[in-house]
Every structure is written in C-alpha cells, then in structure tokens.
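Novice: File protein-v1.txt below, compact mmCIF, C-alpha atoms:
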```txt
# COMPACT_ATOMS: atom_id res chain seq x y z
CA MET K 851 176.33 -82.69 -42.57
CA ALA K 852 176.16 -79.35 -44.28
CA ASP K 853 176.10 -76.22 -42.16
CA LEU K 854 173.00 -74.38 -43.28
CA GLY K 855 173.74 -71.18 -41.36
CA ARG K 856 171.29 -68.38 -40.73
CA THR K 857 168.59 -67.57 -43.25
CA ASN K 858 168.52 -64.06 -44.67
CA TYR K 859 164.76 -63.65 -44.95
CA ARG K 860 164.92 -60.21 -46.54
CA GLU K 861 167.10 -61.45 -49.44
CA GLU K 862 164.94 -64.53 -49.90
CA ILE K 863 161.73 -62.46 -50.12
CA LYS K 864 163.39 -60.05 -52.63
CA HIS K 865 164.47 -63.02 -54.74
CA LEU K 866 160.96 -64.51 -54.72
CA LYS K 867 159.42 -61.15 -55.72
CA SER K 868 161.86 -60.83 -58.61
CA LEU K 869 160.86 -64.34 -59.76
CA LEU K 870 157.18 -63.28 -59.79
CA ASP K 871 157.77 -60.92 -62.73
CA SER K 872 159.34 -63.55 -64.95
CA CYS K 873 157.04 -66.56 -64.58
CA ASN K 874 153.74 -67.91 -65.85
CA GLU K 875 150.42 -68.09 -63.94
CA GLU K 876 150.93 -71.64 -62.61
CA ASP K 877 154.34 -70.85 -61.11
CA ARG K 878 153.07 -67.52 -59.74
CA ALA K 879 150.75 -69.30 -57.25
CA ILE K 880 153.61 -71.52 -56.07
CA ILE K 881 155.99 -68.56 -55.64
CA ASN K 882 153.32 -66.60 -53.73
CA SER K 883 152.83 -69.51 -51.32
CA MET K 884 156.62 -69.75 -50.90
CA ALA K 885 156.75 -66.02 -50.05
CA ARG K 886 153.97 -66.44 -47.47
CA SER K 887 155.72 -69.40 -45.85
CA THR K 888 158.96 -67.40 -45.73
CA ASP K 889 157.10 -64.57 -43.95
CA VAL K 890 155.69 -67.06 -41.45
CA ALA K 891 159.13 -68.60 -40.84
CA LYS K 892 160.56 -65.08 -40.37
CA SER K 893 157.89 -64.22 -37.77
CA MET K 894 158.64 -67.45 -35.85
CA ASP K 895 162.46 -67.08 -35.88
CA PRO K 896 163.68 -65.98 -32.39
CA ASP K 897 166.48 -63.82 -33.80
CA GLU K 898 164.09 -61.96 -36.09
CA ARG K 899 161.64 -61.49 -33.20
CA LYS K 900 164.38 -59.81 -31.16
CA LYS K 901 165.09 -57.46 -34.07
CA MET K 902 161.38 -56.65 -34.39
CA ASN K 903 161.11 -55.91 -30.64
CA LEU K 904 164.15 -53.60 -30.78
CA LYS K 905 162.54 -51.69 -33.64
CA LYS K 906 159.22 -51.41 -31.79
CA GLN K 907 160.69 -49.92 -28.58
CA PRO K 908 159.93 -46.18 -28.46
CA SER K 909 162.74 -43.69 -28.36
CA PRO K 910 163.23 -41.78 -25.11
CA LYS K 911 162.52 -38.48 -26.90
CA LYS K 912 158.82 -39.24 -27.29
CA ALA K 913 156.56 -38.52 -24.34
CA GLN K 914 154.70 -41.57 -23.16
CA VAL K 915 151.17 -41.24 -21.86
CA LYS K 916 149.97 -43.74 -19.27
CA PHE K 917 146.25 -44.25 -18.91
CA VAL K 918 145.12 -45.10 -15.41
CA SER K 919 141.94 -47.08 -15.19
CA LYS K 920 139.76 -46.25 -12.21
CA ASN K 921 137.78 -49.48 -12.56
CA PHE K 922 140.81 -51.75 -12.11
CA ILE K 923 139.97 -54.95 -10.25
CA SER K 924 142.80 -56.94 -8.74
CA HIS K 925 142.16 -60.63 -8.18
CA ASN K 926 145.30 -61.00 -6.10
CA MET K 927 144.34 -59.83 -2.63
CA SER K 928 146.70 -59.61 0.28
CA LYS K 929 145.94 -61.53 3.46
CA GLN K 930 145.13 -58.25 5.22
CA LYS K 931 142.38 -57.43 2.68
CA LYS K 932 141.07 -61.00 2.85
CA LYS K 933 140.73 -60.69 6.62
CA ILE K 934 138.93 -57.36 6.31
CA ARG K 935 136.54 -58.70 3.69
CA ALA K 936 135.99 -61.86 5.76
CA SER K 937 135.18 -59.85 8.87
CA VAL K 938 132.60 -57.83 6.95
CA ARG K 939 130.70 -60.90 5.82
CA LEU K 940 131.79 -63.01 8.80
CA GLY K 941 132.90 -65.89 6.64
CA LEU K 942 135.43 -68.56 7.39
CA THR K 943 138.51 -67.80 5.28
CA GLU K 944 140.63 -70.52 3.73
CA ASP K 945 143.53 -69.74 6.09
CA GLU K 946 141.26 -70.22 9.09
CA PHE K 947 139.62 -73.28 7.57
CA ILE K 948 142.89 -75.17 7.16
CA ARG K 949 143.62 -74.61 10.88
CA LEU K 950 140.37 -76.25 12.07
CA ASP K 951 140.62 -79.06 14.62
CA LYS K 952 138.12 -81.52 16.17
CA VAL K 953 135.28 -80.82 13.72
CA TYR K 954 133.10 -82.69 11.26
CA ILE K 955 132.82 -81.49 7.65
CA ARG K 956 130.09 -82.26 5.11
CA THR K 957 130.61 -81.66 1.38
CA PHE K 958 128.35 -80.91 -1.58
CA GLU K 959 127.66 -83.44 -4.31
CA GLY K 960 130.57 -82.89 -6.69
CA LYS K 961 134.24 -83.72 -7.08
CA TYR K 962 134.53 -85.56 -3.76
CA GLY K 963 130.92 -86.66 -3.57
CA LYS K 964 128.42 -86.06 -0.78
CA ALA K 965 130.41 -87.27 2.21
CA GLU K 966 131.27 -86.55 5.84
CA TYR K 967 134.83 -85.98 7.02
CA LEU K 968 136.50 -85.75 10.42
CA VAL K 969 139.40 -83.42 11.27
CA ASP K 970 141.47 -84.38 14.32
CA ARG K 971 145.00 -82.99 14.27
CA LYS K 972 146.12 -84.44 17.63
CA THR K 973 145.70 -88.05 16.52
CA GLU K 974 147.61 -87.24 13.32
CA LYS K 975 150.34 -85.42 15.30
CA CYS K 976 150.23 -82.31 13.06
CA THR K 977 152.33 -79.25 13.79
CA LYS K 978 150.82 -75.75 13.79
CA HIS K 979 151.86 -74.75 10.25
CA GLN K 980 151.35 -78.20 8.69
CA SER K 981 148.34 -78.65 6.44
CA GLY K 982 145.58 -80.62 8.13
CA TYR K 983 143.82 -83.64 6.66
CA ALA K 984 140.14 -84.51 6.55
CA ILE K 985 139.47 -88.24 6.95
CA GLU K 986 136.25 -89.68 5.54
CA VAL K 987 134.06 -91.08 8.32
CA ASP K 988 132.61 -94.08 6.43
CA GLY K 989 135.40 -94.57 3.91
CA THR K 990 139.15 -94.57 3.52
CA ARG K 991 139.77 -91.24 1.78
CA ARG K 992 142.16 -88.75 3.35
CA LEU K 993 142.14 -85.26 1.79
CA LEU K 994 144.01 -82.03 2.44
CA LEU K 995 141.82 -79.30 3.91
CA ARG K 996 143.01 -76.92 1.16
CA GLU K 997 141.63 -79.26 -1.51
CA ILE K 998 138.28 -79.79 0.18
CA TYR K 999 137.61 -76.11 1.11
CA PRO K 1000 135.71 -75.11 -2.09
CA HIS K 1001 133.37 -78.12 -1.76
CA VAL K 1002 132.47 -77.77 1.95
CA ARG K 1003 128.76 -77.57 2.78
CA ASN K 1004 129.01 -77.16 6.56
CA VAL K 1005 131.40 -77.44 9.50
CA ARG K 1006 130.03 -78.96 12.71
CA THR K 1007 131.17 -79.62 16.27
CA PRO K 1008 131.30 -83.17 17.70
CA SER K 1009 127.97 -82.37 19.43
CA ASN K 1010 126.45 -81.64 15.97
CA ASP K 1011 126.19 -77.83 16.32
CA VAL K 1012 126.78 -76.02 13.02
CA ILE K 1013 129.79 -73.67 13.18
CA ALA K 1014 129.73 -72.51 9.54
CA LYS K 1015 127.63 -73.35 6.50
CA ARG K 1016 127.44 -72.58 2.83
CA THR K 1017 124.05 -72.32 1.11
CA HIS K 1018 125.40 -72.79 -2.42
CA ILE K 1019 128.70 -74.18 -3.67
CA HIS K 1020 129.70 -70.76 -5.10
CA LYS K 1021 128.79 -68.75 -1.99
CA ALA K 1022 130.95 -67.94 1.04
CA LEU K 1023 131.32 -70.28 3.99
CA CYS K 1024 129.47 -68.14 6.58
CA ILE K 1025 129.78 -68.51 10.34
CA THR K 1026 126.50 -69.06 12.17
CA ALA K 1027 125.30 -66.63 14.85
CA PRO K 1028 126.12 -68.66 18.02
CA PHE K 1029 129.76 -69.12 16.92
CA LYS K 1030 130.57 -65.62 15.60
CA LYS K 1031 132.83 -64.89 18.57
CA SER K 1032 133.77 -68.38 19.70
CA TYR K 1033 134.63 -70.14 16.41
CA LYS K 1034 138.35 -69.41 16.92
CA GLY K 1035 138.29 -71.93 19.76
CA PHE K 1036 138.12 -74.65 17.07
CA LEU K 1037 141.30 -73.46 15.35
CA PHE K 1038 144.47 -75.49 15.97
CA LYS K 1039 146.90 -73.69 18.27
```
Turn this file's structure into structure tokens for me.
Specialist:
Amino acid sequence: MADLGRTNYREEIKHLKSLLDSCNEEDRAIINSMARSTDVAKSMDPDERKKMNLKKQPSPKKAQVKFVSKNFISHNMSKQKKKIRASVRLGLTEDEFIRLDKVYIRTFEGKYGKAEYLVDRKTEKCTKHQSGYAIEVDGTRRLLLREIYPHVRNVRTPSNDVIAKRTHIHKALCITAPFKKSYKGFLFK
C-alpha cells in the first residue's frame, strides 16, 4: 500500500486556481467543483480544524467584554431550590415521590396506559436509598417510580383518601389539603 501522507490543502487549492486560467469552459466547471470539494475536505480535517481554532483565539492584549444577561434561566436546579419551589406550591417532588410506601397510584392515559399501581416496599425488601417499584394491581407490570412519576394522576392511601393529585399531565403533582402536613408519614424511612 502506498503511504498517502497528509494533504497540503493550500497548495492543492493554489494549483486548482492556476489551472482555471488555462482551461476551456467545460473543464472550468469541473475544476471549480474540485476546488469546492477540497475546501469541504479541509474544513472537515481534524488537523486543519485545530489550526483554525488556534488562529481564532484572541490575543491576551485585547480587552474582552463579557455581556451578562439578566434574563438568564437555568434549567438545572439544585435540590435546595427544588425543595423551596415545591414548598411554595406544596407539590410532591420527584425525590419525595420515589420514597413513597404503602400507597396506590393511578396514571393518565399515555405511555403506560390508564392503570392502577401498588407501592409496598416492605414486601419487596427495599432499602432506604433503593428505587421503589410500582406493581400493577390487575396486571403483571412492575415499573420504577422514577419512570412512572411524569404520568401519575393521583396518589391514594389504602383507605382510598387522595394524598396528591395532578389535574393535567403537564401540571404539578399537588398535595391535597388534609395531607399537607401529614403526607411525609407515607415516605419510606
């Protein structure tokens, strides 16, 4: 096999431009397309990209101005901020939801279908930090609570009292008035 080596794109483009002057109209279109394809290959070559990035870096002599946007919205919220925001709207956060124990869960019509699930961590012998599972009451499905959280319609006690409910699939899972202070009793300890 022949060793092709590295392509010198600059020399190749100069050679193609010199050929443009000494050719007829039919060959000119072909040479122009060859020059364009060489430019494309040059822009895709990793070594040439490194050279371009080195040229683009500003020298330390120039003063750089940083613009600070006051309307910046961060979608990555810390757990502390999530807790604060959850306490304002009194919703059941995902971290609290995955710690639920001895409850029934109903889902919206969607990915998992309109179904009812049971969460019982003691029978499954879960540890505190292990993800809990929701087991379908009438079926055989067993889903992680993290997966089912966005599709939950309501969370109920074994005596059929509603702990938290969601009015629409894109709304928050809000805690009902009777359980605003006592819902933490249903979290796995």
Novice: Just the residues within 12 Å of His865 of chain K, please, counting only C-alpha atoms, with nothing from its chain fewer than 4 positions along; format it as a compact mmCIF listing (two decimals) with C-alpha atoms, keeping the file's coordinate frame.
Specialist:
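Wrote it out as part.txt, contents follow:
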```
# COMPACT_ATOMS: atom_id res chain seq x y z
CA ASN K 858 168.52 -64.06 -44.67
CA TYR K 859 164.76 -63.65 -44.95
CA ARG K 860 164.92 -60.21 -46.54
CA GLU K 861 167.10 -61.45 -49.44
CA LEU K 869 160.86 -64.34 -59.76
CA LEU K 870 157.18 -63.28 -59.79
CA ASP K 871 157.77 -60.92 -62.73
CA SER K 872 159.34 -63.55 -64.95
CA ILE K 881 155.99 -68.56 -55.64
CA ASN K 882 153.32 -66.60 -53.73
CA MET K 884 156.62 -69.75 -50.90
CA ALA K 885 156.75 -66.02 -50.05
CA THR K 888 158.96 -67.40 -45.73
```
Novice: How far is it from atom CA of Thr990 of chain K to atom CA of His1020 of chain K, in Å with one decimal?
Specialist: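 These two atoms are separated by 27.0 Å.
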Novice: Just give me the gap between atom CA of Asp988 of chain K and atom CA of Glu959 of chain K in Å, one decimal is fine.
Specialist: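 Computing it gives 15.9 Å between the two atoms.
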Novice: Could you pull out every residue with an atom within 9 Å of (131.0, -77.0, 1.2), file coordinates, counting all atoms listed in the file, and send them as a VMD selection string?
Specialist: chain K and resid 955 to 958 998 to 1005 1015 to 1020 1023
Novice: Would you work out the distance separating atom CA of Lys1030 of chain K from atom CA of Glu946 of chain K, expressed in Å to one decimal?
Specialist: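 It comes out at 13.3 Å.
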Novice: Excluding same-chain residues fewer than 5 positions from Leu994 of chain K, what lies within 10 Å of it counting only C-alpha atoms, as a PyMOL selection string?
Specialist: chain K and resi 948+981-985+999
Novice: With C-alpha atoms retained, could you export that selection as a tab-separated table (two decimals), in the frame of the given file?
Specialist:
```tsv
chain	number	residue	atom	x	y	z
K	948	ILE	CA	142.89	-75.17	7.16
K	981	SER	CA	148.34	-78.65	6.44
K	982	GLY	CA	145.58	-80.62	8.13
K	983	TYR	CA	143.82	-83.64	6.66
K	984	ALA	CA	140.14	-84.51	6.55
K	985	ILE	CA	139.47	-88.24	6.95
K	999	TYR	CA	137.61	-76.11	1.11
```
Novice: From the set K:Leu993, K:Lys1031, K:Arg856, K:Ser1009, which residue has the shortest atom-to-atom contact distance to Pro896 of chain K, counting only C-alpha atoms?
Specialist: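 Going through K:Leu993, K:Lys1031, K:Arg856, K:Ser1009 one by one, the smallest distance to Pro896 of chain K is for K:Arg856.
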Novice: Using all atoms listed in the file, list the residues that have an atom at most 9 Å from (137.3, -77.4, 15.8), coordinates as in the file, as a PyMOL selection string.
Specialist: chain K and resi 949-954+969-970+1005-1008+1013+1033-1038
Novice: Could you check the closest approach to Lys964 of chain K for each of K:Glu876, K:Thr943, K:Val987, K:Ala1014 and tell me which residue wins, using all atoms listed in the file?
Specialist: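 For Lys964 of chain K, the nearest of the candidates is K:Val987.
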Novice: Can segment 874-900 of chain K be brought up to N, CA and C atoms and written out as a compact mmCIF listing (two decimals), keeping the file's coordinate frame?
Specialist:
```txt
# COMPACT_ATOMS: atom_id res chain seq x y z
N ASN K 874 155.11 -67.79 -65.37
CA ASN K 874 153.74 -67.91 -65.85
C ASN K 874 152.76 -68.02 -64.67
N GLU K 875 151.47 -68.11 -64.97
CA GLU K 875 150.42 -68.09 -63.94
C GLU K 875 150.50 -69.27 -62.97
N GLU K 876 150.86 -70.46 -63.47
CA GLU K 876 150.93 -71.64 -62.61
C GLU K 876 152.05 -71.49 -61.58
N ASP K 877 153.20 -71.02 -62.02
CA ASP K 877 154.34 -70.85 -61.11
C ASP K 877 154.12 -69.68 -60.14
N ARG K 878 153.32 -68.70 -60.56
CA ARG K 878 153.07 -67.52 -59.74
C ARG K 878 152.39 -67.92 -58.41
N ALA K 879 151.44 -68.84 -58.46
CA ALA K 879 150.75 -69.30 -57.25
C ALA K 879 151.73 -70.01 -56.31
N ILE K 880 152.61 -70.80 -56.88
CA ILE K 880 153.61 -71.52 -56.07
C ILE K 880 154.57 -70.54 -55.41
N ILE K 881 155.03 -69.55 -56.17
CA ILE K 881 155.99 -68.56 -55.64
C ILE K 881 155.32 -67.70 -54.55
N ASN K 882 154.04 -67.36 -54.76
CA ASN K 882 153.32 -66.60 -53.73
C ASN K 882 153.21 -67.39 -52.43
N SER K 883 152.92 -68.68 -52.52
CA SER K 883 152.83 -69.51 -51.32
C SER K 883 154.20 -69.65 -50.65
N MET K 884 155.27 -69.71 -51.46
CA MET K 884 156.62 -69.75 -50.90
C MET K 884 156.94 -68.45 -50.16
N ALA K 885 156.51 -67.31 -50.69
CA ALA K 885 156.75 -66.02 -50.05
C ALA K 885 155.99 -65.94 -48.71
N ARG K 886 154.74 -66.43 -48.72
CA ARG K 886 153.97 -66.44 -47.47
C ARG K 886 154.62 -67.33 -46.41
N SER K 887 155.08 -68.51 -46.82
CA SER K 887 155.72 -69.40 -45.85
C SER K 887 157.03 -68.82 -45.34
N THR K 888 157.73 -68.07 -46.17
CA THR K 888 158.96 -67.40 -45.73
C THR K 888 158.63 -66.32 -44.70
N ASP K 889 157.53 -65.58 -44.92
CA ASP K 889 157.10 -64.57 -43.95
C ASP K 889 156.74 -65.21 -42.61
N VAL K 890 156.07 -66.35 -42.67
CA VAL K 890 155.69 -67.06 -41.45
C VAL K 890 156.94 -67.54 -40.72
N ALA K 891 157.89 -68.12 -41.45
CA ALA K 891 159.13 -68.60 -40.84
C ALA K 891 159.90 -67.43 -40.22
N LYS K 892 159.88 -66.27 -40.89
CA LYS K 892 160.56 -65.08 -40.37
C LYS K 892 159.91 -64.63 -39.06
N SER K 893 158.57 -64.66 -38.99
CA SER K 893 157.89 -64.22 -37.77
C SER K 893 158.10 -65.19 -36.62
N MET K 894 158.43 -66.46 -36.90
CA MET K 894 158.64 -67.45 -35.85
C MET K 894 160.10 -67.56 -35.42
N ASP K 895 161.04 -67.00 -36.19
CA ASP K 895 162.46 -67.08 -35.88
C ASP K 895 162.78 -66.21 -34.66
N PRO K 896 163.41 -66.77 -33.60
CA PRO K 896 163.68 -65.98 -32.39
C PRO K 896 164.60 -64.78 -32.63
N ASP K 897 165.58 -64.95 -33.51
CA ASP K 897 166.48 -63.82 -33.80
C ASP K 897 165.75 -62.67 -34.47
N GLU K 898 164.87 -63.00 -35.40
CA GLU K 898 164.09 -61.96 -36.09
C GLU K 898 163.11 -61.29 -35.13
N ARG K 899 162.56 -62.07 -34.19
CA ARG K 899 161.64 -61.49 -33.20
C ARG K 899 162.35 -60.46 -32.34
N LYS K 900 163.61 -60.77 -31.96
CA LYS K 900 164.38 -59.81 -31.16
C LYS K 900 164.59 -58.52 -31.94
```
